[in-house]
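Source file: final-v6.txt (compact mmCIF, C-alpha atoms and all ligand atoms)
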```txt
# COMPACT_ATOMS: atom_id res chain seq x y z
CA MET A 1 23.04 -9.14 5.43
CA LEU A 2 20.52 -6.58 6.80
CA SER A 3 21.21 -5.01 10.18
CA ILE A 4 18.91 -2.37 11.66
CA ARG A 5 19.77 -0.61 14.92
CA ASN A 6 17.67 1.71 17.08
CA LEU A 7 15.67 3.13 14.22
CA GLY A 8 13.28 5.99 15.01
CA LYS A 9 10.91 7.92 12.81
CA SER A 10 8.35 10.65 13.50
CA PHE A 11 6.06 12.41 11.08
CA LEU A 12 5.46 16.10 11.74
CA CYS A 13 2.32 16.42 9.58
CA PRO A 14 -0.60 16.59 10.16
CA GLU A 15 0.48 16.50 13.81
CA SER A 16 3.75 15.43 15.36
CA ARG A 17 3.65 11.67 15.90
CA GLU A 18 6.33 9.10 16.59
CA VAL A 19 5.67 6.15 14.29
CA LEU A 20 8.73 3.98 14.89
CA HIS A 21 10.42 3.86 18.27
CA ASP A 22 13.76 2.10 18.68
CA VAL A 23 13.37 -0.64 16.06
CA SER A 24 16.21 -3.16 15.72
CA LEU A 25 16.35 -6.21 13.45
CA GLU A 26 18.86 -8.62 11.91
CA VAL A 27 18.07 -10.64 8.81
CA ALA A 28 20.69 -13.08 7.51
CA ARG A 29 21.19 -14.28 3.94
CA GLY A 30 18.69 -16.95 3.02
CA GLU A 31 16.44 -15.89 5.88
CA TYR A 32 12.81 -14.94 5.39
CA ILE A 33 10.95 -13.12 8.15
CA ALA A 34 7.44 -11.76 8.65
CA ILE A 35 6.44 -8.50 10.30
CA MET A 36 2.92 -8.26 11.68
CA GLY A 37 1.21 -5.57 13.73
CA GLU A 38 -1.94 -3.52 13.75
CA SER A 39 -2.93 -1.17 10.96
CA GLY A 40 -1.21 2.22 11.19
CA ILE A 41 1.54 0.97 13.52
CA GLY A 42 4.32 1.73 11.00
CA LYS A 43 5.05 -1.46 9.01
CA SER A 44 5.01 0.22 5.59
CA THR A 45 7.02 3.10 7.02
CA LEU A 46 9.66 0.63 8.21
CA LEU A 47 9.93 -0.95 4.74
CA ASN A 48 10.18 2.52 3.17
CA LEU A 49 13.05 3.35 5.52
CA ILE A 50 14.86 0.11 4.68
CA ALA A 51 14.44 0.86 0.96
CA GLY A 52 15.76 4.39 1.48
CA LEU A 53 12.48 5.94 0.31
CA GLU A 54 12.19 7.78 3.65
CA MET A 55 14.92 8.90 6.04
CA PRO A 56 14.85 7.94 9.73
CA ASP A 57 15.30 10.53 12.50
CA HIS A 58 17.97 8.35 14.07
CA GLY A 59 19.41 4.86 13.90
CA SER A 60 21.32 2.76 11.43
CA ILE A 61 20.42 0.50 8.49
CA ARG A 62 23.27 -1.60 7.13
CA LEU A 63 23.00 -3.72 4.01
CA ASP A 64 25.99 -6.00 3.43
CA GLY A 65 27.96 -3.83 5.84
CA CYS A 66 27.13 -0.62 3.97
CA GLU A 67 25.34 2.12 5.93
CA LEU A 68 22.27 3.36 4.05
CA VAL A 69 21.26 6.18 6.39
CA GLY A 70 22.68 9.43 5.06
CA LEU A 71 23.54 8.14 1.57
CA ASP A 72 22.68 10.59 -1.19
CA ASP A 73 19.74 9.94 -3.53
CA ASN A 74 21.89 8.78 -6.45
CA ARG A 75 23.62 6.11 -4.43
CA LEU A 76 20.38 5.00 -2.83
CA THR A 77 18.73 4.72 -6.24
CA ARG A 78 21.61 2.61 -7.57
CA LEU A 79 21.60 0.36 -4.53
CA ARG A 80 17.84 -0.07 -4.70
CA ARG A 81 17.99 -0.89 -8.40
CA GLN A 82 20.75 -3.48 -8.03
CA LYS A 83 20.05 -5.09 -4.69
CA MET A 84 16.42 -4.63 -3.69
CA GLY A 85 13.07 -5.90 -4.86
CA PHE A 86 10.05 -4.10 -3.41
CA VAL A 87 6.45 -5.28 -3.67
CA PHE A 88 4.46 -2.19 -2.68
CA GLN A 89 1.13 -2.29 -0.88
CA ALA A 90 -0.20 -0.14 -3.78
CA PHE A 91 1.35 -1.88 -6.76
CA HIS A 92 2.95 1.12 -8.52
CA LEU A 93 2.92 -0.62 -11.91
CA LEU A 94 3.09 1.36 -15.15
CA PRO A 95 -0.47 0.90 -16.49
CA TYR A 96 0.26 1.70 -20.15
CA LEU A 97 3.13 -0.76 -20.46
CA THR A 98 2.46 -4.45 -20.99
CA VAL A 99 2.80 -7.12 -18.32
CA SER A 100 6.16 -8.23 -19.77
CA GLN A 101 7.49 -4.68 -20.04
CA ASN A 102 6.63 -4.05 -16.40
CA ILE A 103 8.36 -7.23 -15.25
CA ALA A 104 11.41 -6.54 -17.43
CA LEU A 105 11.85 -3.01 -16.06
CA PRO A 106 14.45 -3.84 -13.38
CA LEU A 107 16.31 -5.98 -15.93
CA ALA A 108 16.49 -3.10 -18.41
CA LEU A 109 17.67 -0.77 -15.63
CA ASN A 110 20.44 -3.24 -14.79
CA ASP A 111 21.54 -3.65 -18.43
CA VAL A 112 20.51 -7.30 -18.69
CA SER A 113 20.55 -8.44 -22.34
CA GLU A 114 17.19 -8.68 -24.12
CA ARG A 115 17.56 -12.42 -24.57
CA ASP A 116 18.26 -13.10 -20.89
CA ALA A 117 15.50 -10.68 -19.90
CA SER A 118 12.98 -12.38 -22.11
CA GLU A 119 13.85 -15.82 -20.67
CA ARG A 120 13.54 -14.50 -17.15
CA VAL A 121 10.22 -12.81 -17.90
CA SER A 122 8.79 -16.01 -19.43
CA SER A 123 9.77 -18.08 -16.44
CA LEU A 124 8.30 -15.50 -14.02
CA LEU A 125 5.06 -15.25 -16.05
CA ALA A 126 4.71 -19.02 -15.69
CA SER A 127 5.40 -18.91 -11.93
CA ILE A 128 2.71 -16.28 -11.35
CA GLY A 129 0.16 -18.11 -13.53
CA LEU A 130 0.09 -15.44 -16.25
CA ALA A 131 1.84 -17.27 -19.10
CA GLY A 132 0.31 -15.96 -22.33
CA ARG A 133 -0.65 -12.60 -20.78
CA GLY A 134 2.75 -10.95 -21.24
CA GLY A 135 1.49 -8.75 -24.09
CA SER A 136 -1.53 -7.35 -22.22
CA PRO A 137 -1.39 -3.76 -21.02
CA VAL A 138 -1.36 -3.82 -17.23
CA ARG A 139 -4.36 -1.47 -17.03
CA GLU A 140 -6.53 -4.30 -18.41
CA LEU A 141 -5.69 -6.70 -15.56
CA SER A 142 -7.68 -7.41 -12.42
CA GLY A 143 -6.35 -6.23 -9.05
CA GLY A 144 -5.14 -9.71 -8.17
CA GLU A 145 -3.37 -10.09 -11.51
CA MET A 146 -1.68 -6.71 -11.07
CA GLN A 147 -0.51 -7.84 -7.67
CA ARG A 148 1.14 -10.91 -9.21
CA VAL A 149 2.85 -8.76 -11.86
CA ALA A 150 4.16 -6.45 -9.12
CA ILE A 151 5.62 -9.49 -7.38
CA ALA A 152 7.27 -10.79 -10.56
CA ARG A 153 8.76 -7.35 -11.21
CA ALA A 154 10.17 -7.17 -7.70
CA LEU A 155 11.88 -10.55 -8.17
CA ALA A 156 13.02 -10.17 -11.80
CA HIS A 157 16.60 -9.03 -11.14
CA ARG A 158 17.12 -11.60 -8.35
CA PRO A 159 17.49 -8.98 -5.62
CA GLN A 160 19.52 -9.70 -2.50
CA LEU A 161 16.92 -8.00 -0.33
CA ILE A 162 13.24 -8.69 -0.97
CA LEU A 163 10.71 -6.38 0.71
CA ALA A 164 7.06 -7.32 0.32
CA ASP A 165 4.25 -5.21 1.77
CA GLU A 166 1.06 -7.26 2.10
CA PRO A 167 1.74 -8.92 -1.27
CA THR A 168 -1.12 -11.39 -1.11
CA GLY A 169 -3.81 -9.08 0.28
CA ASN A 170 -5.69 -8.92 -3.05
CA LEU A 171 -5.38 -12.56 -4.02
CA ASP A 172 -7.72 -15.54 -3.76
CA PRO A 173 -6.45 -18.28 -1.41
CA VAL A 174 -4.98 -20.44 -4.21
CA SER A 175 -3.08 -17.58 -5.90
CA ALA A 176 -2.02 -16.34 -2.47
CA SER A 177 -0.40 -19.63 -1.51
CA HIS A 178 1.31 -19.79 -4.92
CA VAL A 179 2.75 -16.32 -4.47
CA GLN A 180 3.80 -17.06 -0.89
CA ALA A 181 5.70 -20.12 -2.10
CA LEU A 182 7.28 -18.11 -4.94
CA LEU A 183 8.53 -15.44 -2.53
CA ARG A 184 9.89 -18.00 -0.09
CA ASP A 185 11.63 -19.97 -2.86
CA GLN A 186 13.21 -16.82 -4.31
CA VAL A 187 14.63 -15.93 -0.90
CA ARG A 188 16.03 -19.46 -0.45
CA GLN A 189 17.32 -20.01 -3.98
CA GLY A 190 18.78 -16.52 -4.30
CA ASN A 191 20.28 -16.70 -0.78
CA ALA A 192 18.57 -13.34 -0.29
CA ALA A 193 17.12 -11.74 2.82
CA GLY A 194 13.33 -11.44 2.73
CA ILE A 195 10.89 -9.36 4.74
CA LEU A 196 7.17 -9.98 4.41
CA VAL A 197 4.73 -7.51 5.97
CA THR A 198 1.35 -9.14 6.40
CA HIS A 199 -1.86 -9.27 8.40
CA SER A 200 -2.36 -12.90 7.39
CA PRO A 201 -1.23 -15.55 9.90
CA ALA A 202 -1.18 -18.11 7.05
CA ALA A 203 1.21 -15.95 5.00
CA ALA A 204 3.39 -15.26 8.06
CA ALA A 205 3.59 -18.99 8.74
CA THR A 206 5.45 -19.48 5.43
CA THR A 207 8.45 -17.52 6.81
CA ASP A 208 11.25 -18.58 9.17
CA ARG A 209 10.47 -16.14 12.00
CA ILE A 210 7.58 -13.83 12.88
CA TYR A 211 8.02 -10.40 14.47
CA VAL A 212 5.39 -8.02 15.81
CA LEU A 213 5.73 -4.25 15.57
CA ASN A 214 4.24 -2.34 18.51
CA PRO A 215 4.75 1.16 19.96
CA GLU A 216 7.80 -0.01 21.94
CA GLY A 217 9.63 -1.57 18.99
CA LEU A 218 9.88 -4.79 16.99
CA PHE A 219 9.79 -8.08 18.88
CA PRO A 220 9.77 -11.81 18.08
CA ARG A 221 6.12 -12.86 18.18
CA ASP A 222 6.65 -15.39 20.94
CA ALA A 223 8.10 -12.67 23.17
CA ALA A 224 5.52 -9.99 22.27
N1 LIG B 1 4.33 10.54 4.69
C1 LIG B 1 3.61 10.54 5.82
N2 LIG B 1 3.31 11.71 6.45
C2 LIG B 1 2.61 11.70 7.61
N3 LIG B 1 2.18 10.59 8.24
C3 LIG B 1 2.45 9.41 7.65
C4 LIG B 1 3.18 9.32 6.42
N4 LIG B 1 3.30 8.00 6.09
C5 LIG B 1 2.66 7.33 7.07
N5 LIG B 1 2.17 8.16 8.01
C6 LIG B 1 1.44 7.77 9.23
O1 LIG B 1 2.28 6.85 9.94
C7 LIG B 1 1.49 5.83 10.53
C8 LIG B 1 2.01 4.48 10.11
O2 LIG B 1 1.67 4.26 8.73
P1 LIG B 1 2.06 2.95 7.96
O3 LIG B 1 1.58 3.11 6.59
O4 LIG B 1 3.51 2.69 8.16
O5 LIG B 1 1.21 1.85 8.77
P2 LIG B 1 1.06 0.29 8.50
O6 LIG B 1 1.50 -0.44 9.74
O7 LIG B 1 1.75 -0.07 7.23
O8 LIG B 1 -0.52 0.12 8.35
P3 LIG B 1 -1.37 -0.89 7.39
O9 LIG B 1 -1.34 -2.23 8.08
O10 LIG B 1 -2.74 -0.28 7.41
O11 LIG B 1 -0.76 -0.88 6.05
C9 LIG B 1 0.05 6.12 10.16
O12 LIG B 1 -0.56 6.81 11.21
C10 LIG B 1 0.16 7.02 8.95
O13 LIG B 1 -0.92 7.89 8.87
MG MG B 2 1.06 -0.65 5.37
```

How would this structure read if it were set down as structure tokens?
Amino acid sequence: MLSIRNLGKSFLCPESREVLHDVSLEVARGEYIAIMGESGIGKSTLLNLIAGLEMPDHGSIRLDGCELVGLDDNRLTRLRRQKMGFVFQAFHLLPYLTVSQNIALPLALNDVSERDASERVSSLLASIGLAGRGGSPVRELSGGEMQRVAIARALAHRPQLILADEPTGNLDPVSASHVQALLRDQVRQGNAAGILVTHSPAAAATTDRIYVLNPEGLFPRDAA
């Protein structure tokens, strides 16, 4: 499903610095993995590369056999819209739209009918514990509530690849375990590939395999 080979990325500003060195990873359909590693090591950068939001210096990223590196922006945008769900570390919600409008955004972009979209939004609102809050503008929510809306939005269009960057960092333990279960179930039920970036051992333990990113590359935790 997702196949990453020998990925490398350096940033030139403010000073030249290699962030990812020779990262390789395979994630199969229905498989959910965690990536851990110290702050600043490059976990968010790796997710951005997979989502095509940044370009690597070298290496290959294949999704369903299709090479993403080198695709033009239009194709990457289409692919992202149809196949990927991204929970960003900073939520990137639209504060002046309501909770429901935010969650329905990927459905509207994929031409899902209003009736189907509204059913999907209701069921997601219930799974994130925000039933009845669909009409609230997002700017009126707490940080933890915004985080749950960001997760629902990432899952709305049943993406084949789910990328979640520290999705439970702002949540209390009960909401966090709810959201962890929701992510895991969506990967399983949708036969998707899921990548969870987290500092939390409890969150990582909800996945099938744990990897650690270090300056030499990405390694299974038991081997790191
Ligand atoms: N656009 C950019 N330009 C320059 N440097 C960047 C850019 N994006 C990230 N970096 C640098 O790359 C390094 C890795 O950042 P990244 O955000 O991937 O770390 P992370 O592992 O996600 O950390 P955290 O656990 O704190 O979220 C950091 O040193 C960061 O300053
Ligand atoms: Mg990060």

Practice prompt. With all atoms listed in the file counted, which protein, DNA or RNA residues have an atom no more than 9 Å from (16.7, -8.8, 8.3) in the file frame? Please answer as a ChimeraX atom specification.
Written response: /A:1-4,25-29,31-33,161,193-195

Worksheet item: Given a cut-off of 9 Å, what residues near ligand LIG 1 (chain B) show up using all atoms listed in the file, put as number ranges by chain?
Response: A: 10-20, 36-48, 54, 89, 165-166, 197-199, 213

Worksheet item: Taking (6.6, -15.9, 6.1) in the file's coordinates as the center, which residues reach within 8 Å of it, counting only C-alpha atoms, put as a count of residues only?
Response: 15

Padding 4 Å on every side, please: axis-aligned box over the listed atoms of segment 104-117 of chain A, centre and edge lengths to one decimal in Å, as JSON.
```
{"center_x": 16.5, "center_y": -6.9, "center_z": -19.0, "size_x": 18.1, "size_y": 20.3, "size_z": 19.2}
```

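Pairwise distance (atom CA of Leu141 of chain A, atom CA of Thr77 of chain A) equals 28.5 Å.
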
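For the atom pair formed by atom CA of Val69 of chain A and atom CA of Phe88 of chain A, the distance is 20.8 Å, given to one decimal.
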
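Between atom CA of Leu124 of chain A and atom CA of Asn110 of chain A lies a distance of 17.3 Å.
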